[in-house]
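File shown: coords.cif. Contents: mmCIF, C-alpha atoms and all ligand atoms; chains and numbers go by the auth columns.
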```cif
data_start
#
loop_
_atom_site.group_PDB
_atom_site.id
_atom_site.type_symbol
_atom_site.label_atom_id
_atom_site.label_comp_id
_atom_site.label_asym_id
_atom_site.label_seq_id
_atom_site.Cartn_x
_atom_site.Cartn_y
_atom_site.Cartn_z
_atom_site.B_iso_or_equiv
_atom_site.auth_seq_id
_atom_site.auth_asym_id
ATOM 1 C CA MET A 1 -9.170 -11.201 -2.208 0.00 1 A
ATOM 2 C CA ARG A 2 -7.070 -8.299 -1.015 0.00 2 A
ATOM 3 C CA VAL A 3 -3.673 -9.895 -1.606 0.00 3 A
ATOM 4 C CA ARG A 4 -2.561 -11.037 -5.058 0.00 4 A
ATOM 5 C CA ALA A 5 -0.293 -14.016 -5.664 0.00 5 A
ATOM 6 C CA ASP A 6 2.701 -11.882 -6.612 0.00 6 A
ATOM 7 C CA ASP A 7 2.260 -9.303 -3.828 0.00 7 A
ATOM 8 C CA ALA A 8 4.728 -9.259 -0.945 0.00 8 A
ATOM 9 C CA CYS A 9 3.336 -11.560 1.734 0.00 9 A
ATOM 10 C CA PRO A 10 1.520 -9.577 4.444 0.00 10 A
ATOM 11 C CA CYS A 11 3.248 -11.609 7.190 0.00 11 A
ATOM 12 C CA GLY A 12 6.428 -9.617 6.676 0.00 12 A
ATOM 13 C CA ARG A 13 8.746 -12.315 5.381 0.00 13 A
ATOM 14 C CA GLU A 14 10.426 -11.183 2.202 0.00 14 A
ATOM 15 C CA ARG A 15 8.557 -13.555 -0.034 0.00 15 A
ATOM 16 C CA ARG A 16 5.674 -13.326 -2.422 0.00 16 A
ATOM 17 C CA TYR A 17 2.275 -14.356 -1.075 0.00 17 A
ATOM 18 C CA GLU A 18 2.140 -17.341 -3.449 0.00 18 A
ATOM 19 C CA GLN A 19 5.437 -18.630 -1.985 0.00 19 A
ATOM 20 C CA CYS A 20 4.677 -17.892 1.655 0.00 20 A
ATOM 21 C CA CYS A 21 1.262 -17.876 3.320 0.00 21 A
ATOM 22 C CA GLY A 22 -0.790 -18.351 0.126 0.00 22 A
ATOM 23 C CA PRO A 23 -0.320 -22.150 -0.079 0.00 23 A
ATOM 24 C CA LEU A 24 -1.279 -22.449 3.594 0.00 24 A
ATOM 25 C CA HIS A 25 -4.464 -20.443 2.992 0.00 25 A
ATOM 26 C CA ASP A 26 -5.485 -22.544 0.010 0.00 26 A
ATOM 27 C CA GLY A 27 -4.723 -25.793 1.843 0.00 27 A
ATOM 28 C CA SER A 28 -1.935 -27.036 -0.412 0.00 28 A
ATOM 29 C CA ARG A 29 0.622 -26.793 2.434 0.00 29 A
ATOM 30 C CA ARG A 30 0.521 -26.878 6.224 0.00 30 A
ATOM 31 C CA ALA A 31 2.422 -24.793 8.754 0.00 31 A
ATOM 32 C CA GLN A 32 5.505 -26.635 10.011 0.00 32 A
ATOM 33 C CA THR A 33 6.015 -24.415 13.053 0.00 33 A
ATOM 34 C CA ALA A 34 3.892 -22.418 15.473 0.00 34 A
ATOM 35 C CA GLU A 35 5.433 -19.194 14.163 0.00 35 A
ATOM 36 C CA GLN A 36 4.560 -20.117 10.590 0.00 36 A
ATOM 37 C CA LEU A 37 0.965 -20.749 11.645 0.00 37 A
ATOM 38 C CA MET A 38 0.884 -17.452 13.534 0.00 38 A
ATOM 39 C CA ARG A 39 2.206 -15.550 10.528 0.00 39 A
ATOM 40 C CA SER A 40 -0.281 -17.232 8.216 0.00 40 A
ATOM 41 C CA ARG A 41 -3.146 -16.374 10.566 0.00 41 A
ATOM 42 C CA TYR A 42 -2.056 -12.737 10.544 0.00 42 A
ATOM 43 C CA SER A 43 -1.903 -12.884 6.738 0.00 43 A
ATOM 44 C CA ALA A 44 -5.397 -14.372 6.722 0.00 44 A
ATOM 45 C CA PHE A 45 -6.684 -11.157 8.283 0.00 45 A
ATOM 46 C CA ALA A 46 -4.812 -9.116 5.688 0.00 46 A
ATOM 47 C CA ALA A 47 -5.946 -11.336 2.807 0.00 47 A
ATOM 48 C CA ALA A 48 -9.535 -11.550 4.109 0.00 48 A
ATOM 49 C CA ARG A 49 -9.571 -15.315 4.654 0.00 49 A
ATOM 50 C CA PRO A 50 -11.823 -15.817 7.700 0.00 50 A
ATOM 51 C CA ASP A 51 -12.247 -19.476 6.673 0.00 51 A
ATOM 52 C CA TYR A 52 -8.557 -20.062 7.358 0.00 52 A
ATOM 53 C CA LEU A 53 -8.871 -18.476 10.800 0.00 53 A
ATOM 54 C CA GLY A 54 -11.646 -20.940 11.637 0.00 54 A
ATOM 55 C CA ARG A 55 -9.800 -23.932 10.183 0.00 55 A
ATOM 56 C CA THR A 56 -6.618 -23.259 12.144 0.00 56 A
ATOM 57 C CA LEU A 57 -8.386 -22.857 15.483 0.00 57 A
ATOM 58 C CA HIS A 58 -7.872 -25.752 17.883 0.00 58 A
ATOM 59 C CA PRO A 59 -11.057 -27.877 17.852 0.00 59 A
ATOM 60 C CA ALA A 60 -11.517 -27.172 21.577 0.00 60 A
ATOM 61 C CA SER A 61 -11.583 -23.424 20.838 0.00 61 A
ATOM 62 C CA ARG A 62 -14.008 -23.428 17.913 0.00 62 A
ATOM 63 C CA ALA A 63 -17.285 -23.140 19.843 0.00 63 A
ATOM 64 C CA THR A 64 -16.962 -19.368 20.160 0.00 64 A
ATOM 65 C CA PHE A 65 -15.734 -18.748 16.600 0.00 65 A
ATOM 66 C CA SER A 66 -18.130 -17.017 14.243 0.00 66 A
ATOM 67 C CA LEU A 67 -17.206 -16.960 10.569 0.00 67 A
ATOM 68 C CA ASP A 68 -19.665 -14.124 9.876 0.00 68 A
ATOM 69 C CA ALA A 69 -18.492 -11.979 12.793 0.00 69 A
ATOM 70 C CA THR A 70 -14.866 -12.540 11.803 0.00 70 A
ATOM 71 C CA ARG A 71 -15.620 -11.639 8.176 0.00 71 A
ATOM 72 C CA GLU A 72 -17.439 -8.469 9.227 0.00 72 A
ATOM 73 C CA TRP A 73 -14.572 -7.428 11.471 0.00 73 A
ATOM 74 C CA ILE A 74 -12.002 -8.086 8.733 0.00 74 A
ATOM 75 C CA GLU A 75 -14.010 -5.845 6.403 0.00 75 A
ATOM 76 C CA ARG A 76 -13.603 -2.952 8.852 0.00 76 A
ATOM 77 C CA THR A 77 -9.845 -3.398 9.254 0.00 77 A
ATOM 78 C CA ARG A 78 -6.632 -2.979 7.263 0.00 78 A
ATOM 79 C CA TRP A 79 -3.670 -4.966 8.553 0.00 79 A
ATOM 80 C CA THR A 80 -0.468 -3.044 8.157 0.00 80 A
ATOM 81 C CA CYS A 81 2.422 -4.794 9.918 0.00 81 A
ATOM 82 C CA LEU A 82 3.323 -7.791 12.058 0.00 82 A
ATOM 83 C CA SER A 83 6.176 -7.868 14.585 0.00 83 A
ATOM 84 C CA ILE A 84 7.150 -11.168 16.196 0.00 84 A
ATOM 85 C CA ILE A 85 8.609 -10.376 19.613 0.00 85 A
ATOM 86 C CA GLU A 86 9.499 -13.776 21.050 0.00 86 A
ATOM 87 C CA ARG A 87 8.643 -17.417 20.761 0.00 87 A
ATOM 88 C CA THR A 88 9.068 -20.572 22.839 0.00 88 A
ATOM 89 C CA GLY A 89 8.954 -24.129 21.468 0.00 89 A
ATOM 90 C CA GLY A 90 6.752 -24.464 18.416 0.00 90 A
ATOM 91 C CA GLY A 91 9.369 -26.156 16.245 0.00 91 A
ATOM 92 C CA PRO A 92 8.740 -29.088 13.907 0.00 92 A
ATOM 93 C CA LEU A 93 9.444 -31.594 16.719 0.00 93 A
ATOM 94 C CA ASP A 94 7.527 -29.747 19.456 0.00 94 A
ATOM 95 C CA MET A 95 3.934 -30.328 20.520 0.00 95 A
ATOM 96 C CA ARG A 96 3.351 -26.833 21.924 0.00 96 A
ATOM 97 C CA GLY A 97 4.651 -23.382 21.348 0.00 97 A
ATOM 98 C CA THR A 98 4.012 -19.745 22.127 0.00 98 A
ATOM 99 C CA VAL A 99 4.472 -16.697 19.945 0.00 99 A
ATOM 100 C CA ARG A 100 4.355 -13.156 21.310 0.00 100 A
ATOM 101 C CA PHE A 101 3.605 -10.528 18.696 0.00 101 A
ATOM 102 C CA ASP A 102 2.284 -7.086 17.885 0.00 102 A
ATOM 103 C CA ALA A 103 -0.166 -6.926 14.995 0.00 103 A
ATOM 104 C CA HIS A 104 -0.732 -3.430 13.662 0.00 104 A
ATOM 105 C CA TYR A 105 -3.949 -2.513 11.923 0.00 105 A
ATOM 106 C CA VAL A 106 -6.319 0.294 11.108 0.00 106 A
ATOM 107 C CA GLU A 107 -9.917 0.083 12.246 0.00 107 A
ATOM 108 C CA ASP A 108 -12.392 2.861 11.470 0.00 108 A
ATOM 109 C CA SER A 109 -9.515 5.188 10.490 0.00 109 A
ATOM 110 C CA THR A 110 -7.692 4.614 13.800 0.00 110 A
ATOM 111 C CA PHE A 111 -4.293 2.950 14.055 0.00 111 A
ATOM 112 C CA ARG A 112 -4.340 0.146 16.589 0.00 112 A
ATOM 113 C CA THR A 113 -1.999 -2.548 17.854 0.00 113 A
ATOM 114 C CA HIS A 114 -3.066 -5.968 19.025 0.00 114 A
ATOM 115 C CA HIS A 115 -0.527 -7.404 21.509 0.00 115 A
ATOM 116 C CA GLU A 116 -0.765 -11.086 22.211 0.00 116 A
ATOM 117 C CA ASN A 117 1.151 -14.055 23.502 0.00 117 A
ATOM 118 C CA SER A 118 -0.530 -16.937 21.683 0.00 118 A
ATOM 119 C CA LEU A 119 -0.568 -20.605 22.595 0.00 119 A
ATOM 120 C CA PHE A 120 -0.289 -23.151 19.777 0.00 120 A
ATOM 121 C CA GLU A 121 -0.620 -26.924 19.993 0.00 121 A
ATOM 122 C CA LYS A 122 -0.054 -29.744 17.582 0.00 122 A
ATOM 123 C CA ARG A 123 -2.771 -32.348 17.201 0.00 123 A
ATOM 124 C CA HIS A 124 -2.447 -35.309 14.813 0.00 124 A
ATOM 125 C CA ASN A 125 0.667 -33.593 13.511 0.00 125 A
ATOM 126 C CA ILE A 126 -1.171 -30.361 12.602 0.00 126 A
ATOM 127 C CA TRP A 127 -0.505 -27.049 14.337 0.00 127 A
ATOM 128 C CA TYR A 128 -3.499 -25.181 15.764 0.00 128 A
ATOM 129 C CA TYR A 129 -3.994 -21.862 17.497 0.00 129 A
ATOM 130 C CA VAL A 130 -5.406 -22.541 20.957 0.00 130 A
ATOM 131 C CA ARG A 131 -5.880 -19.165 22.712 0.00 131 A
ATOM 132 C CA PRO A 132 -4.182 -16.015 23.904 0.00 132 A
ATOM 133 C CA LEU A 133 -2.184 -16.483 27.121 0.00 133 A
ATOM 134 C CA ASP A 134 -2.107 -12.762 27.947 0.00 134 A
HETATM 135 ZN ZN ZN B . 3.623 -15.070 4.707 0.00 1 B
#
```
Same coordinates, now as C-alpha cells:
Amino acid sequence: MRVRADDACPCGRERRYEQCCGPLHDGSRRAQTAEQLMRSRYSAFAAARPDYLGRTLHPASRATFSLDATREWIERTRWTCLSIIERTGGGPLDMRGTVRFDAHYVEDSTFRTHHENSLFEKRHNIWYYVRPLD
C-alpha cells in the first residue's frame, strides 16, 4: 500500500485518502458520479490497487484486462498529479458520462502524461469505466 489512510488523497481533492477514494477502494462506498469514479481509478494507480481497476471496468470491457499486467505496470510507475479538464453528464441521475483528463506519472525515470477522454456508464445503478473515446 503506497497511500496511508491519513495521506492527502492522490486524486487531488483536498481530503485525506480515508475520506475520499479509500472507502471506494475498499468497497465500503461506491462512486456517485462518473468524475468520482475517474478520480478513484486514478488513485487506484497511485495506491497500487489493480483489483479496483478491474472491478470498476464495465463488464463488456473486462475481457482484455489483466490483473497481473496492470500490477506490473503500476510497480514501474509513480502517479504524480491528476487534472480534470472537462466532463459531460455523469451526474447521479445520468446513465452515461465522459471525463477528459491529464494523468501525470513517472515511468522508468521519465515524466509522462496520459491524456484521455473516458466514457463511463451506469449499470444496475453502479458506475463503470467503459473505454477511452480518444
Ligand atoms: Zn480521492
**Message:** Could you check the closest approach to Arg29 (chain A) for each of A:Tyr42, A:Phe101, A:Phe111, A:Trp127 and tell me which residue wins, using all atoms listed in the file?
**Reply:**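 Using all atoms listed in the file, Arg29 (chain A) sits closest to A:Trp127.
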May I have the residues within 12 Å of ligand ZN 1 (chain B), computed using only C-alpha atoms and all ligand atoms, as a PDB file with C-alpha atoms, in the frame of the given file?
```pdb
ATOM      1  CA  VAL A   3      -3.673  -9.895  -1.606  1.00  0.00           C
ATOM      2  CA  ALA A   5      -0.293 -14.016  -5.664  1.00  0.00           C
ATOM      3  CA  ASP A   6       2.701 -11.882  -6.612  1.00  0.00           C
ATOM      4  CA  ASP A   7       2.260  -9.303  -3.828  1.00  0.00           C
ATOM      5  CA  ALA A   8       4.728  -9.259  -0.945  1.00  0.00           C
ATOM      6  CA  CYS A   9       3.336 -11.560   1.734  1.00  0.00           C
ATOM      7  CA  PRO A  10       1.520  -9.577   4.444  1.00  0.00           C
ATOM      8  CA  CYS A  11       3.248 -11.609   7.190  1.00  0.00           C
ATOM      9  CA  GLY A  12       6.428  -9.617   6.676  1.00  0.00           C
ATOM     10  CA  ARG A  13       8.746 -12.315   5.381  1.00  0.00           C
ATOM     11  CA  GLU A  14      10.426 -11.183   2.202  1.00  0.00           C
ATOM     12  CA  ARG A  15       8.557 -13.555  -0.034  1.00  0.00           C
ATOM     13  CA  ARG A  16       5.674 -13.326  -2.422  1.00  0.00           C
ATOM     14  CA  TYR A  17       2.275 -14.356  -1.075  1.00  0.00           C
ATOM     15  CA  GLU A  18       2.140 -17.341  -3.449  1.00  0.00           C
ATOM     16  CA  GLN A  19       5.437 -18.630  -1.985  1.00  0.00           C
ATOM     17  CA  CYS A  20       4.677 -17.892   1.655  1.00  0.00           C
ATOM     18  CA  CYS A  21       1.262 -17.876   3.320  1.00  0.00           C
ATOM     19  CA  GLY A  22      -0.790 -18.351   0.126  1.00  0.00           C
ATOM     20  CA  PRO A  23      -0.320 -22.150  -0.079  1.00  0.00           C
ATOM     21  CA  LEU A  24      -1.279 -22.449   3.594  1.00  0.00           C
ATOM     22  CA  HIS A  25      -4.464 -20.443   2.992  1.00  0.00           C
ATOM     23  CA  ALA A  31       2.422 -24.793   8.754  1.00  0.00           C
ATOM     24  CA  GLU A  35       5.433 -19.194  14.163  1.00  0.00           C
ATOM     25  CA  GLN A  36       4.560 -20.117  10.590  1.00  0.00           C
ATOM     26  CA  LEU A  37       0.965 -20.749  11.645  1.00  0.00           C
ATOM     27  CA  MET A  38       0.884 -17.452  13.534  1.00  0.00           C
ATOM     28  CA  ARG A  39       2.206 -15.550  10.528  1.00  0.00           C
ATOM     29  CA  SER A  40      -0.281 -17.232   8.216  1.00  0.00           C
ATOM     30  CA  ARG A  41      -3.146 -16.374  10.566  1.00  0.00           C
ATOM     31  CA  TYR A  42      -2.056 -12.737  10.544  1.00  0.00           C
ATOM     32  CA  SER A  43      -1.903 -12.884   6.738  1.00  0.00           C
ATOM     33  CA  ALA A  44      -5.397 -14.372   6.722  1.00  0.00           C
ATOM     34  CA  PHE A  45      -6.684 -11.157   8.283  1.00  0.00           C
ATOM     35  CA  ALA A  46      -4.812  -9.116   5.688  1.00  0.00           C
ATOM     36  CA  ALA A  47      -5.946 -11.336   2.807  1.00  0.00           C
ATOM     37  CA  CYS A  81       2.422  -4.794   9.918  1.00  0.00           C
ATOM     38  CA  LEU A  82       3.323  -7.791  12.058  1.00  0.00           C
TER      39      LEU A  82
END
```
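Take the candidates A:Ser66, A:Gln32, A:Thr77, A:Thr110 and check each one against Tyr128 (chain A) using only C-alpha atoms; the shortest distance goes to A:Gln32.
Using only C-alpha atoms for every distance, the candidate list A:Arg2, A:Arg87, A:His115, A:Arg55 yields A:Arg2 as the residue closest to Ile74 (chain A).
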Taking the file as I've supplied it (selection: the PyMOL selection byres (((chain A and resi 95-100) around 9) and not hetatm)), which residues are included? Please answer as a CSV table (one decimal) with C-alpha atoms, in the frame of the given file.
```csv
chain,number,residue,atom,x,y,z
A,33,THR,CA,6.0,-24.4,13.1
A,34,ALA,CA,3.9,-22.4,15.5
A,35,GLU,CA,5.4,-19.2,14.2
A,38,MET,CA,0.9,-17.5,13.5
A,83,SER,CA,6.2,-7.9,14.6
A,84,ILE,CA,7.2,-11.2,16.2
A,85,ILE,CA,8.6,-10.4,19.6
A,86,GLU,CA,9.5,-13.8,21.0
A,87,ARG,CA,8.6,-17.4,20.8
A,88,THR,CA,9.1,-20.6,22.8
A,89,GLY,CA,9.0,-24.1,21.5
A,90,GLY,CA,6.8,-24.5,18.4
A,91,GLY,CA,9.4,-26.2,16.2
A,92,PRO,CA,8.7,-29.1,13.9
A,93,LEU,CA,9.4,-31.6,16.7
A,94,ASP,CA,7.5,-29.7,19.5
A,101,PHE,CA,3.6,-10.5,18.7
A,102,ASP,CA,2.3,-7.1,17.9
A,115,HIS,CA,-0.5,-7.4,21.5
A,116,GLU,CA,-0.8,-11.1,22.2
A,117,ASN,CA,1.2,-14.1,23.5
A,118,SER,CA,-0.5,-16.9,21.7
A,119,LEU,CA,-0.6,-20.6,22.6
A,120,PHE,CA,-0.3,-23.2,19.8
A,121,GLU,CA,-0.6,-26.9,20.0
A,122,LYS,CA,-0.1,-29.7,17.6
A,123,ARG,CA,-2.8,-32.3,17.2
A,125,ASN,CA,0.7,-33.6,13.5
A,127,TRP,CA,-0.5,-27.0,14.3
A,133,LEU,CA,-2.2,-16.5,27.1
```
**Request:** Just give me the gap between CA of Leu57 (chain A) and CA of Arg131 (chain A) in Å, one decimal is fine.
**Result:**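 Interatomic distance here is 8.5 Å.
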**Message:** To one decimal place in Å, what is the distance between CA of Ser109 (chain A) and CA of Gly54 (chain A)?
**Reply:**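 Going from CA of Ser109 (chain A) over to CA of Gly54 (chain A), I get 26.2 Å.
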**Request:** Select, from A:Glu107, A:Ser61, A:Gly27, A:Thr56, the residue with the minimum atom-to-atom distance to Trp73 (chain A), counting all atoms listed in the file.
**Result:**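 Smallest separation from Trp73 (chain A) among the options: A:Glu107.
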With 4 Å on each side, where is the centre of the axis-aligned box around all listed atoms of region 101-116 of chain A, and how long are its edges in Å to one decimal, as lines of an AutoDock Vina configuration file?
```
center_x = -4.4
center_y = -2.9
center_z = 16.4
size_x = 24.0
size_y = 24.3
size_z = 19.7
```
**Message:** One number please: CA of Ile126 (chain A) to CA of Asp51 (chain A), in Å, one decimal.
**Reply:**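 Here the two named atoms are 16.6 Å from each other.
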When the PyMOL selection byres (((chain A and resi 67) around 9) and not hetatm) is applied to the structure above, which residues does it catch, written out as an mmCIF file with C-alpha atoms, in the coordinates of the input?
```cif
data_model
loop_
_atom_site.group_PDB
_atom_site.id
_atom_site.type_symbol
_atom_site.label_atom_id
_atom_site.label_comp_id
_atom_site.auth_asym_id
_atom_site.auth_seq_id
_atom_site.Cartn_x
_atom_site.Cartn_y
_atom_site.Cartn_z
ATOM 1 C CA PRO A 50 -11.823 -15.817 7.700
ATOM 2 C CA ASP A 51 -12.247 -19.476 6.673
ATOM 3 C CA LEU A 53 -8.871 -18.476 10.800
ATOM 4 C CA GLY A 54 -11.646 -20.940 11.637
ATOM 5 C CA PHE A 65 -15.734 -18.748 16.600
ATOM 6 C CA SER A 66 -18.130 -17.017 14.243
ATOM 7 C CA ASP A 68 -19.665 -14.124 9.876
ATOM 8 C CA ALA A 69 -18.492 -11.979 12.793
ATOM 9 C CA THR A 70 -14.866 -12.540 11.803
ATOM 10 C CA ARG A 71 -15.620 -11.639 8.176
ATOM 11 C CA GLU A 72 -17.439 -8.469 9.227
#
```
